[in-house]
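Structure file target-v8.cif (mmCIF, C-alpha atoms and all ligand atoms) is printed below.
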```
data_entry
loop_
_atom_site.label_atom_id
_atom_site.label_comp_id
_atom_site.auth_asym_id
_atom_site.auth_seq_id
_atom_site.Cartn_x
_atom_site.Cartn_y
_atom_site.Cartn_z
CA MET A 1 5.60 32.96 12.04
CA LYS A 2 7.53 30.05 13.49
CA ASP A 3 6.24 26.52 12.92
CA ARG A 4 5.94 26.03 16.69
CA THR A 5 3.41 28.85 16.82
CA LEU A 6 1.67 27.81 13.61
CA LEU A 7 1.03 24.38 15.12
CA MET A 8 -1.13 26.02 17.81
CA HIS A 9 -3.34 27.79 15.29
CA LEU A 10 -3.58 25.82 12.05
CA GLY A 11 -7.03 24.47 11.30
CA ILE A 12 -8.54 26.19 14.33
CA HIS A 13 -11.60 28.28 13.47
CA PRO A 14 -13.76 28.70 16.59
CA GLU A 15 -15.97 31.21 14.74
CA ASP A 16 -17.19 28.37 12.48
CA HIS A 17 -18.00 26.04 15.38
CA HIS A 18 -19.90 28.05 18.00
CA GLY A 19 -16.61 28.95 19.66
CA PHE A 20 -15.36 25.41 20.16
CA LEU A 21 -11.63 25.46 19.64
CA ASN A 22 -11.14 22.10 17.98
CA PRO A 23 -12.96 21.38 14.73
CA PRO A 24 -15.81 18.95 15.37
CA ILE A 25 -15.67 15.39 14.04
CA TYR A 26 -18.01 15.54 11.06
CA ARG A 27 -19.26 12.02 10.37
CA GLY A 28 -21.20 12.00 7.17
CA SER A 29 -21.75 10.74 3.69
CA THR A 30 -24.88 12.61 2.58
CA VAL A 31 -24.92 16.37 2.65
CA ALA A 32 -28.35 17.95 2.07
CA PHE A 33 -28.90 20.69 -0.52
CA PRO A 34 -31.71 23.22 -0.10
CA ASP A 35 -33.00 22.75 -3.67
CA VAL A 36 -32.29 21.08 -7.03
CA GLU A 37 -30.63 24.16 -8.44
CA THR A 38 -28.02 24.27 -5.65
CA MET A 39 -27.24 20.59 -6.18
CA ALA A 40 -27.03 20.96 -9.97
CA THR A 41 -24.64 23.89 -9.73
CA ARG A 42 -22.75 22.48 -6.70
CA ASN A 43 -23.18 25.92 -5.28
CA GLN A 44 -22.54 24.85 -1.70
CA ARG A 45 -19.25 24.47 0.20
CA TYR A 46 -19.74 20.76 0.92
CA GLY A 47 -21.59 18.34 -1.37
CA TYR A 48 -20.73 14.78 -0.40
CA GLY A 49 -18.74 13.20 2.43
CA ARG A 50 -16.07 11.76 0.15
CA TRP A 51 -15.31 15.20 -1.26
CA GLY A 52 -14.45 16.69 2.09
CA ASN A 53 -15.83 18.09 5.32
CA PRO A 54 -14.63 20.65 7.86
CA THR A 55 -12.60 18.08 9.85
CA ASN A 56 -10.76 17.04 6.69
CA ASP A 57 -10.24 20.67 5.66
CA ALA A 58 -8.70 21.55 9.02
CA LEU A 59 -5.92 18.98 8.64
CA CYS A 60 -5.35 19.78 4.96
CA GLU A 61 -5.06 23.47 5.84
CA ALA A 62 -2.52 22.68 8.57
CA ILE A 63 -0.34 20.43 6.42
CA THR A 64 -0.47 22.83 3.46
CA ALA A 65 0.79 25.65 5.68
CA LEU A 66 3.55 23.58 7.31
CA GLU A 67 4.74 22.26 3.96
CA GLN A 68 4.40 25.70 2.32
CA ALA A 69 2.45 23.89 -0.39
CA GLU A 70 -0.34 24.73 -2.78
CA GLY A 71 -2.60 22.03 -1.43
CA THR A 72 -2.81 18.71 0.43
CA VAL A 73 -4.81 15.52 0.07
CA LEU A 74 -5.24 12.94 2.81
CA CYS A 75 -4.95 9.20 2.28
CA PRO A 76 -5.96 6.31 4.54
CA SER A 77 -2.35 5.25 5.19
CA GLY A 78 1.19 6.40 4.53
CA LEU A 79 1.58 3.67 1.93
CA SER A 80 -1.57 4.78 0.10
CA ALA A 81 -0.16 8.33 0.07
CA CYS A 82 2.99 7.02 -1.66
CA THR A 83 1.08 4.87 -4.15
CA THR A 84 -1.63 7.47 -4.88
CA ALA A 85 1.07 10.05 -5.62
CA ILE A 86 2.88 7.66 -7.99
CA LEU A 87 -0.34 6.68 -9.78
CA ALA A 88 -1.31 10.35 -10.08
CA ILE A 89 1.86 11.11 -12.02
CA CYS A 90 2.72 7.89 -13.88
CA GLY A 91 0.63 5.80 -16.23
CA ALA A 92 0.98 3.14 -18.92
CA GLY A 93 4.27 3.50 -20.80
CA ASP A 94 5.84 5.76 -18.18
CA HIS A 95 9.04 5.20 -16.24
CA ILE A 96 9.89 6.06 -12.63
CA LEU A 97 13.21 6.17 -10.75
CA VAL A 98 13.04 4.81 -7.20
CA PRO A 99 15.83 4.65 -4.58
CA ASP A 100 17.18 1.25 -3.62
CA ASN A 101 16.56 2.02 0.07
CA VAL A 102 12.88 2.91 -0.45
CA TYR A 103 10.26 1.78 2.07
CA ALA A 104 9.84 -1.84 0.93
CA PRO A 105 6.05 -1.77 0.33
CA VAL A 106 6.56 1.06 -2.21
CA ARG A 107 9.00 -1.17 -4.11
CA ARG A 108 6.46 -3.97 -3.91
CA MET A 109 3.76 -1.75 -5.42
CA CYS A 110 6.10 -0.79 -8.28
CA GLU A 111 6.76 -4.48 -8.96
CA THR A 112 3.10 -5.56 -8.82
CA SER A 113 0.29 -3.07 -9.48
CA GLY A 114 2.69 -0.54 -10.99
CA ARG A 115 4.01 -3.07 -13.47
CA ARG A 116 0.48 -4.31 -14.24
CA PHE A 117 -0.55 -0.73 -15.03
CA GLY A 118 2.39 -0.41 -17.44
CA ILE A 119 4.75 1.66 -15.26
CA SER A 120 8.40 0.55 -15.39
CA THR A 121 10.77 1.19 -12.51
CA THR A 122 14.53 1.62 -12.32
CA TYR A 123 16.12 1.56 -8.88
CA TYR A 124 19.01 3.88 -8.13
CA ASN A 125 21.75 4.01 -5.53
CA PRO A 126 20.61 6.58 -2.91
CA ALA A 127 24.13 8.09 -3.02
CA ILE A 128 23.78 8.83 -6.75
CA GLY A 129 23.41 12.65 -6.54
CA SER A 130 23.45 14.49 -9.86
CA ALA A 131 24.68 11.36 -11.70
CA ILE A 132 21.01 10.36 -11.67
CA SER A 133 20.88 12.29 -14.97
CA ASP A 134 22.25 9.19 -16.71
CA LEU A 135 19.17 7.15 -15.76
CA PHE A 136 16.53 9.31 -17.42
CA ARG A 137 14.67 8.07 -20.46
CA PRO A 138 12.32 10.06 -22.68
CA GLU A 139 9.40 8.41 -20.83
CA THR A 140 10.70 9.10 -17.29
CA ARG A 141 7.89 11.01 -15.53
CA ALA A 142 8.93 10.91 -11.90
CA VAL A 143 11.73 10.42 -9.41
CA PHE A 144 10.73 9.04 -6.04
CA THR A 145 13.00 9.95 -3.12
CA GLU A 146 13.05 9.06 0.54
CA ALA A 147 15.49 10.52 3.04
CA PRO A 148 16.87 9.12 5.18
CA GLY A 149 16.13 5.80 3.47
CA SER A 150 14.24 3.01 5.19
CA LEU A 151 16.33 0.70 7.42
CA THR A 152 19.77 1.97 6.33
CA PHE A 153 19.33 5.75 6.75
CA GLU A 154 21.40 7.10 3.86
CA VAL A 155 20.60 10.73 3.09
CA SER A 156 20.27 11.42 -0.64
CA ASP A 157 21.14 14.77 -2.15
CA ILE A 158 17.54 15.80 -2.78
CA ARG A 159 18.45 19.17 -4.33
CA ALA A 160 20.78 17.58 -6.88
CA ILE A 161 18.21 14.91 -7.74
CA ALA A 162 15.45 17.51 -8.09
CA ASN A 163 17.59 19.68 -10.37
CA ALA A 164 18.39 16.72 -12.60
CA ALA A 165 14.74 15.61 -12.68
CA HIS A 166 13.45 19.04 -13.62
CA ALA A 167 16.07 19.35 -16.36
CA HIS A 168 14.56 16.16 -17.81
CA GLY A 169 10.95 17.30 -17.34
CA ALA A 170 10.20 14.81 -14.53
CA LEU A 171 8.47 15.51 -11.22
CA VAL A 172 10.05 14.71 -7.85
CA LEU A 173 8.30 12.97 -4.98
CA MET A 174 9.75 12.67 -1.49
CA ASP A 175 8.69 10.45 1.39
CA ASN A 176 9.42 12.77 4.33
CA SER A 177 7.89 10.61 7.06
CA TRP A 178 11.11 10.45 9.13
CA ALA A 179 11.64 14.20 9.48
CA THR A 180 8.05 15.45 9.16
CA PRO A 181 7.57 18.96 7.73
CA LEU A 182 9.00 20.33 10.99
CA PHE A 183 12.51 18.99 10.38
CA CYS A 184 12.55 19.09 6.57
CA LYS A 185 10.67 21.17 3.98
CA PRO A 186 10.88 19.04 0.83
CA LEU A 187 9.21 21.66 -1.40
CA SER A 188 11.98 24.14 -0.55
CA LEU A 189 14.55 21.57 -1.78
CA GLY A 190 12.84 21.45 -5.18
CA VAL A 191 10.51 18.53 -4.51
CA ASP A 192 7.08 18.73 -6.17
CA VAL A 193 5.20 16.21 -4.04
CA SER A 194 5.91 15.82 -0.31
CA ILE A 195 4.52 12.70 1.32
CA THR A 196 4.31 11.80 5.00
CA ALA A 197 3.04 8.75 6.78
CA ALA A 198 1.12 10.81 9.35
CA THR A 199 0.62 7.45 11.07
CA LYS A 200 4.09 8.03 12.49
CA TYR A 201 5.04 11.30 14.21
CA ILE A 202 2.08 13.46 13.21
CA ALA A 203 -0.55 11.23 14.82
CA GLY A 204 2.23 10.25 17.21
CA HIS A 205 0.42 7.80 19.48
CA ALA A 206 0.34 4.54 17.47
CA ASP A 207 -3.44 4.73 17.34
CA CYS A 208 -4.32 5.48 13.72
CA LEU A 209 -3.17 5.18 10.10
CA LEU A 210 -3.07 8.19 7.78
CA GLY A 211 -1.02 9.68 4.96
CA THR A 212 -0.63 13.19 3.56
CA ILE A 213 0.41 14.39 0.10
CA ALA A 214 1.31 18.08 -0.20
CA CYS A 215 2.12 19.50 -3.63
CA GLN A 216 3.28 22.53 -5.49
CA GLY A 217 3.18 23.47 -9.18
CA THR A 218 1.78 21.20 -11.87
CA ALA A 219 1.79 18.22 -9.50
CA TRP A 220 -1.06 19.64 -7.42
CA ALA A 221 -3.84 19.30 -10.00
CA LYS A 222 -2.65 15.79 -10.90
CA VAL A 223 -2.59 14.58 -7.29
CA LYS A 224 -5.84 16.29 -6.33
CA ASP A 225 -7.70 14.81 -9.30
CA ALA A 226 -6.25 11.31 -8.98
CA ALA A 227 -6.98 11.12 -5.24
CA SER A 228 -10.58 12.06 -5.95
CA GLU A 229 -10.93 9.75 -8.98
CA LEU A 230 -9.56 6.82 -6.98
CA GLY A 231 -12.03 7.46 -4.14
CA ASN A 232 -9.50 8.30 -1.46
CA CYS A 233 -10.88 9.59 1.79
CA VAL A 234 -10.13 9.27 5.48
CA GLY A 235 -12.50 8.82 8.41
CA PRO A 236 -12.96 11.94 10.55
CA ASP A 237 -11.95 10.22 13.80
CA ASP A 238 -8.49 9.45 12.44
CA ILE A 239 -8.18 13.00 11.14
CA ALA A 240 -9.07 14.35 14.57
CA LEU A 241 -6.32 12.19 16.11
CA ALA A 242 -3.80 13.61 13.62
CA LEU A 243 -4.96 17.18 14.40
CA ARG A 244 -4.51 16.49 18.10
CA GLY A 245 -1.08 15.04 17.38
CA LEU A 246 -0.02 18.18 15.50
CA ARG A 247 -0.44 20.37 18.58
CA THR A 248 2.35 18.51 20.40
CA LEU A 249 4.45 17.50 17.37
CA ASP A 250 7.17 20.03 18.09
CA VAL A 251 7.67 19.12 21.76
CA ARG A 252 7.53 15.40 21.03
CA LEU A 253 10.02 15.60 18.18
CA GLN A 254 12.43 17.68 20.27
CA ARG A 255 12.34 15.03 22.98
CA HIS A 256 12.64 12.12 20.51
CA GLN A 257 15.66 13.92 19.06
CA GLU A 258 17.35 14.49 22.44
CA ASN A 259 16.73 10.92 23.57
CA ALA A 260 17.83 9.38 20.28
CA ALA A 261 21.09 11.37 20.30
CA LEU A 262 21.95 10.05 23.78
CA VAL A 263 21.15 6.45 22.91
CA ALA A 264 22.95 6.68 19.55
CA GLN A 265 26.09 8.08 21.20
CA TRP A 266 26.00 5.34 23.83
CA LEU A 267 25.62 2.68 21.13
CA GLU A 268 28.57 4.14 19.23
CA SER A 269 30.77 3.63 22.30
CA ARG A 270 29.89 -0.06 22.63
CA PRO A 271 32.19 -2.87 21.50
CA GLU A 272 29.20 -5.00 20.41
CA VAL A 273 28.17 -2.35 17.86
CA ASP A 274 29.78 -1.96 14.45
CA GLN A 275 27.99 1.10 13.02
CA VAL A 276 25.25 3.42 14.22
CA LEU A 277 23.16 4.53 11.24
CA TYR A 278 21.88 7.90 12.47
CA PRO A 279 22.52 10.90 10.18
CA ALA A 280 22.66 13.32 13.13
CA LEU A 281 25.88 11.68 14.34
CA PRO A 282 28.99 13.46 12.99
CA SER A 283 30.41 10.00 12.16
CA HIS A 284 27.56 9.30 9.70
CA PRO A 285 28.81 9.39 6.08
CA ASP A 286 25.89 11.64 5.04
CA HIS A 287 26.03 13.92 8.07
CA ASP A 288 26.77 17.01 5.97
CA LEU A 289 23.90 16.31 3.58
CA TRP A 290 21.62 15.85 6.57
CA ARG A 291 22.75 19.16 8.12
CA ASP A 292 22.22 20.95 4.84
CA GLN A 293 18.71 19.65 4.14
CA PHE A 294 17.22 18.97 7.60
CA SER A 295 16.76 21.08 10.70
CA GLY A 296 16.49 18.15 13.10
CA ALA A 297 16.60 14.39 13.52
CA SER A 298 13.80 12.20 14.78
CA GLY A 299 13.94 9.12 16.98
CA LEU A 300 14.29 6.37 14.39
CA PHE A 301 17.64 4.85 13.47
CA ALA A 302 19.49 1.57 13.25
CA PHE A 303 22.72 -0.03 14.33
CA THR A 304 24.65 -2.97 13.02
CA THR A 305 26.31 -5.45 15.32
CA ARG A 306 29.84 -6.78 15.11
CA ALA A 307 29.95 -10.28 13.60
CA CYS A 308 27.85 -12.53 15.81
CA SER A 309 25.24 -15.23 15.39
CA ARG A 310 21.69 -14.37 14.41
CA GLU A 311 20.54 -16.30 17.48
CA ALA A 312 22.56 -13.98 19.74
CA VAL A 313 20.91 -10.87 18.27
CA ILE A 314 17.47 -12.44 18.50
CA SER A 315 18.09 -13.28 22.18
CA MET A 316 19.33 -9.75 22.79
CA ILE A 317 16.17 -8.27 21.26
CA ASP A 318 13.91 -10.72 23.07
CA SER A 319 15.51 -9.80 26.39
CA LEU A 320 14.78 -6.06 26.07
CA SER A 321 11.98 -5.07 28.41
CA LEU A 322 11.26 -1.41 27.53
CA PHE A 323 11.31 -1.78 23.73
CA HIS A 324 8.30 -3.36 22.08
CA ILE A 325 8.98 -5.58 19.07
CA GLY A 326 6.84 -4.22 16.26
CA TYR A 327 6.42 -2.37 12.98
CA SER A 328 5.86 1.33 12.53
CA TRP A 329 7.33 4.07 14.73
CA GLY A 330 6.71 7.71 15.57
CA GLY A 331 4.58 7.12 18.65
CA PHE A 332 5.46 7.58 22.32
CA GLU A 333 6.74 4.02 22.53
CA SER A 334 10.23 2.64 22.00
CA LEU A 335 10.41 -0.10 19.40
CA VAL A 336 12.92 -2.58 18.09
CA MET A 337 13.07 -4.90 15.11
CA LEU A 338 15.58 -7.08 13.32
CA ALA A 339 15.86 -6.29 9.60
CA ASP A 340 17.77 -7.59 6.59
CA PRO A 341 18.12 -4.75 4.06
CA GLY A 342 20.53 -6.82 1.94
CA ALA A 343 17.67 -9.12 0.96
CA ILE A 344 15.64 -6.28 -0.57
CA ARG A 345 18.18 -4.12 -2.43
CA THR A 346 19.07 -4.72 -6.06
CA VAL A 347 21.53 -2.03 -7.23
CA SER A 348 23.45 -0.94 -4.10
CA PRO A 349 24.31 -4.10 -2.19
CA TRP A 350 24.17 -3.89 1.59
CA ASN A 351 26.75 -5.90 3.48
CA ASP A 352 27.21 -5.51 7.18
CA LYS A 353 29.46 -7.56 9.39
CA GLY A 354 26.67 -8.65 11.69
CA HIS A 355 22.98 -7.87 11.83
CA LEU A 356 20.92 -4.71 11.49
CA VAL A 357 18.70 -3.71 14.39
CA ARG A 358 16.30 -0.84 13.84
CA ILE A 359 15.15 1.06 16.88
CA HIS A 360 12.69 3.81 17.58
CA ILE A 361 13.53 5.87 20.64
CA GLY A 362 10.32 6.84 22.37
CA LEU A 363 9.60 9.35 25.08
CA ASP A 364 10.95 7.15 27.90
CA ASP A 365 13.81 8.45 30.02
CA PRO A 366 16.89 7.71 27.88
CA ALA A 367 18.85 6.49 30.92
CA ASP A 368 16.31 3.69 31.34
CA LEU A 369 16.53 2.80 27.66
CA ILE A 370 20.31 2.69 27.83
CA ALA A 371 20.18 0.52 30.96
CA ASP A 372 17.80 -1.84 29.18
CA LEU A 373 20.10 -2.12 26.14
CA GLU A 374 23.09 -2.55 28.43
CA GLN A 375 21.57 -5.51 30.27
CA ALA A 376 20.47 -7.10 26.99
CA PHE A 377 23.95 -6.66 25.46
CA ALA A 378 25.62 -7.96 28.63
CA THR A 379 23.63 -11.15 28.80
CA GLN A 380 23.25 -11.95 25.11
CA LEU A 381 25.89 -10.29 22.94
CA GLN A 382 29.16 -11.05 24.68
C1 LIG A 401 5.59 3.45 7.74
C2 LIG A 401 6.05 4.11 6.52
C3 LIG A 401 5.19 4.34 5.46
C4 LIG A 401 3.79 3.80 5.44
O1 LIG A 401 2.95 4.28 6.44
P1 LIG A 401 1.62 3.48 6.82
O2 LIG A 401 0.76 4.51 7.41
O3 LIG A 401 2.06 2.40 7.76
O4 LIG A 401 1.07 2.90 5.55
C5 LIG A 401 5.65 5.01 4.35
N1 LIG A 401 6.92 5.45 4.30
C6 LIG A 401 7.80 5.24 5.29
C7 LIG A 401 9.19 5.76 5.17
C8 LIG A 401 7.40 4.55 6.43
O5 LIG A 401 8.28 4.30 7.40
#
```

Hey, can you dump this file as structure tokens for me?
Ligand SMILES: *Cc1c(COP(=O)(O)O)cnc(C)c1O
Amino acid sequence: MKDRTLLMHLGIHPEDHHGFLNPPIYRGSTVAFPDVETMATRNQRYGYGRWGNPTNDALCEAITALEQAEGTVLCPSGLSACTTAILAICGAGDHILVPDNVYAPVRRMCETSGRRFGISTTYYNPAIGSAISDLFRPETRAVFTEAPGSLTFEVSDIRAIANAAHAHGALVLMDNSWATPLFCKPLSLGVDVSITAATKYIAGHADCLLGTIACQGTAWAKVKDAASELGNCVGPDDIALALRGLRTLDVRLQRHQENAALVAQWLESRPEVDQVLYPALPSHPDHDLWRDQFSGASGLFAFTTRACSREAVISMIDSLSLFHIGYSWGGFESLVMLADPGAIRTVSPWNDKGHLVRIHIGLDDPADLIADLEQAFATQLQ
């Protein structure tokens, strides 16, 4: 069955809910048992709110099917999905390889809590491919991947990295928030643990925070146990928002993709712009890797300006009227932010001629977005 059809059916069990199509929002900590024996033997489908409820199960079932995984756990944010997955696989004395273009809060966790717990991290150039083999140590347990990378949008060769990792007995994690399981199936590329910030496209309306971790193979028991040991759980209202988001994920992503392509092409034609960092553009250096590993492109990308003052870029951004200035992405809204990837990276220096502007193309009419950028460029960047 096609994903588009699956999205209309996953997690929907009217027979369990008096015919109501959507799973109810089960709010609850205590679950009552009929007698001591049932409690002692846990011989009942649900036993305590933190261990799960039908709302939670509906979303896990949906993500597991879309990811073609063995199982899924939910986390209260995308970041907690990344960190829970790392802590599930690595412990004191272990080593992890992390890409230099990783979502910055993941790097921060590796440098703070990760280090305090005895996990050491080596950063790698996202363009490394199979040469990542040289970075393995006997204690390397995991390779974290993210594609395209945060802010700079390089696409790593996930298959090559996964092959190298498995040859060295390490597990592979991938942050797939940008593509969602509709536009990339990490487990089919050899990844063991597929992570999404469901906050972004899955929830899709900028109104909740949530993360998912879908696993296959030996990773599943590790992630399932660690998430439970650490006390992870998500409120049912947020889960219901993510379930609602799933029903329209395909149509929204298609529109984000169409709009982003038009805006990216327009930006490419502009004299104020140096590079457009969008893997779906044929001019992108990793376009072929993107085509090979992804079936679509979402609405998030960046561009770098020609050499100009920081003040000019700030004025340009401030004079946009349809783009909100803010973090996150994946909702209906168009967003813009100024970023400095060079300040974060340590092994693959980032030098652009001007400044990097990250944009999320929302569901607005792309002609209006282009007109907004055009007026901002005309008044501030020339
Ligand atoms: C936003 C983001 C996250 C974190 O998601 P939150 O729900 O905001 O914690 C993780 N990875 C990537 C690539 C992101 O862009």

Worksheet item: From the set A:Ala85, A:Gln293, A:Asn101, A:Asp35, which residue has the shortest atom-to-atom contact distance to Arg159 of chain A, counting all atoms listed in the file?
Response: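 Closest to Arg159 of chain A, using all atoms listed in the file: A:Gln293.
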
Fill in: Contacts of ligand LIG 401 (chain A), 7 Å or closer, all atoms listed in the file, given as a PyMOL selection string
chain A and resi 77-80+82+103+146+150+175+177-178+196-200+209-211+328

Please produce, as a Markdown table, a per-residue contact table for segment 282-336 of chain A versus segment 151-156 of chain A (criterion: any atom at most 9 Å away, all atoms listed in the file considered), showing the nearest atom pair and its distance in Å to one decimal, sorted by chain then residue number.
```
| residue | atom | partner | partner_atom | distance |
| --- | --- | --- | --- | --- |
| A:His284 | CA | A:Glu154 | CA | 8.8 |
| A:Pro285 | CA | A:Glu154 | CA | 8.1 |
| A:Asp286 | CA | A:Val155 | CA | 5.7 |
| A:His287 | CA | A:Val155 | CA | 8.0 |
| A:Leu289 | CA | A:Val155 | CA | 6.5 |
| A:Trp290 | CA | A:Val155 | CA | 6.3 |
| A:Phe301 | CA | A:Phe153 | CA | 7.0 |
| A:Ala302 | CA | A:Leu151 | CA | 6.7 |
| A:Phe303 | CA | A:Thr152 | CA | 8.8 |
```

Discussion item. My list of candidates is A:Val251, A:Met1, A:Ile239, A:Leu277. Which is closest to Pro24 of chain A when distances are computed with only C-alpha atoms?
Written reply: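 Closest to Pro24 of chain A, using only C-alpha atoms: A:Ile239.
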
Worksheet item: Could you name the residues that touch Leu6 of chain A at 10 Å or less, counting only C-alpha atoms, but leaving out those on the same chain fewer than 3 positions away, as a ChimeraX atom specification?
Response: /A:1-3,9-11,62,65-66,246-247

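The space separating atom CA of Pro126 of chain A from atom CA of Ile161 of chain A comes to 9.9 Å.
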
Discussion item. Which residue is closest to Ala164 of chain A? Choose from A:Thr122, A:Thr140, A:Gln254, A:Thr30 and count all atoms listed in the file.
Written reply: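 Of A:Thr122, A:Thr140, A:Gln254, A:Thr30, the one nearest Ala164 of chain A is A:Thr140, counting all atoms listed in the file.
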
Worksheet item: Rounded to one decimal in Å, what is the spacing between atom CA of Asp365 of chain A and atom CA of Gln380 of chain A?
Response: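 Value for the atom CA of Asp365 of chain A-atom CA of Gln380 of chain A distance: 23.0 Å.
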
Worksheet item: What does the distance between atom CA of Val36 of chain A and atom CA of Asp225 of chain A come to in Å, to one decimal place?
Response: 25.5 Å

Worksheet item: So, counting all atoms listed in the file, which residue among A:Gly235, A:Gly296, A:Trp329, A:Trp350 is closest to Arg255 of chain A?
Response: A:Gly296

Fill-in result for segment 252-263 of chain A, N, CA and C atoms as a PDB file, in the frame of the given file:
```pdb
ATOM      1  N   ARG A 252       7.208  16.841  21.094  1.00  0.00           N
ATOM      2  CA  ARG A 252       7.530  15.400  21.030  1.00  0.00           C
ATOM      3  C   ARG A 252       8.793  15.171  20.198  1.00  0.00           C
ATOM      4  N   LEU A 253       8.849  15.819  19.034  1.00  0.00           N
ATOM      5  CA  LEU A 253      10.020  15.600  18.180  1.00  0.00           C
ATOM      6  C   LEU A 253      11.302  16.068  18.860  1.00  0.00           C
ATOM      7  N   GLN A 254      11.232  17.202  19.561  1.00  0.00           N
ATOM      8  CA  GLN A 254      12.430  17.680  20.270  1.00  0.00           C
ATOM      9  C   GLN A 254      12.898  16.630  21.265  1.00  0.00           C
ATOM     10  N   ARG A 255      11.956  16.017  21.975  1.00  0.00           N
ATOM     11  CA  ARG A 255      12.340  15.030  22.980  1.00  0.00           C
ATOM     12  C   ARG A 255      12.835  13.735  22.334  1.00  0.00           C
ATOM     13  N   HIS A 256      12.150  13.307  21.234  1.00  0.00           N
ATOM     14  CA  HIS A 256      12.640  12.120  20.510  1.00  0.00           C
ATOM     15  C   HIS A 256      14.085  12.357  20.068  1.00  0.00           C
ATOM     16  N   GLN A 257      14.332  13.568  19.571  1.00  0.00           N
ATOM     17  CA  GLN A 257      15.660  13.920  19.060  1.00  0.00           C
ATOM     18  C   GLN A 257      16.714  13.862  20.174  1.00  0.00           C
ATOM     19  N   GLU A 258      16.404  14.483  21.307  1.00  0.00           N
ATOM     20  CA  GLU A 258      17.350  14.490  22.440  1.00  0.00           C
ATOM     21  C   GLU A 258      17.634  13.061  22.905  1.00  0.00           C
ATOM     22  N   ASN A 259      16.572  12.293  23.080  1.00  0.00           N
ATOM     23  CA  ASN A 259      16.730  10.920  23.570  1.00  0.00           C
ATOM     24  C   ASN A 259      17.521  10.068  22.589  1.00  0.00           C
ATOM     25  N   ALA A 260      17.179  10.214  21.302  1.00  0.00           N
ATOM     26  CA  ALA A 260      17.830   9.380  20.280  1.00  0.00           C
ATOM     27  C   ALA A 260      19.320   9.709  20.226  1.00  0.00           C
ATOM     28  N   ALA A 261      19.680  10.993  20.354  1.00  0.00           N
ATOM     29  CA  ALA A 261      21.090  11.370  20.300  1.00  0.00           C
ATOM     30  C   ALA A 261      21.853  10.685  21.438  1.00  0.00           C
ATOM     31  N   LEU A 262      21.266  10.675  22.634  1.00  0.00           N
ATOM     32  CA  LEU A 262      21.950  10.050  23.780  1.00  0.00           C
ATOM     33  C   LEU A 262      22.124   8.550  23.574  1.00  0.00           C
ATOM     34  N   VAL A 263      21.065   7.897  23.104  1.00  0.00           N
ATOM     35  CA  VAL A 263      21.150   6.450  22.910  1.00  0.00           C
ATOM     36  C   VAL A 263      22.108   6.124  21.762  1.00  0.00           C
TER      37      VAL A 263
END
```
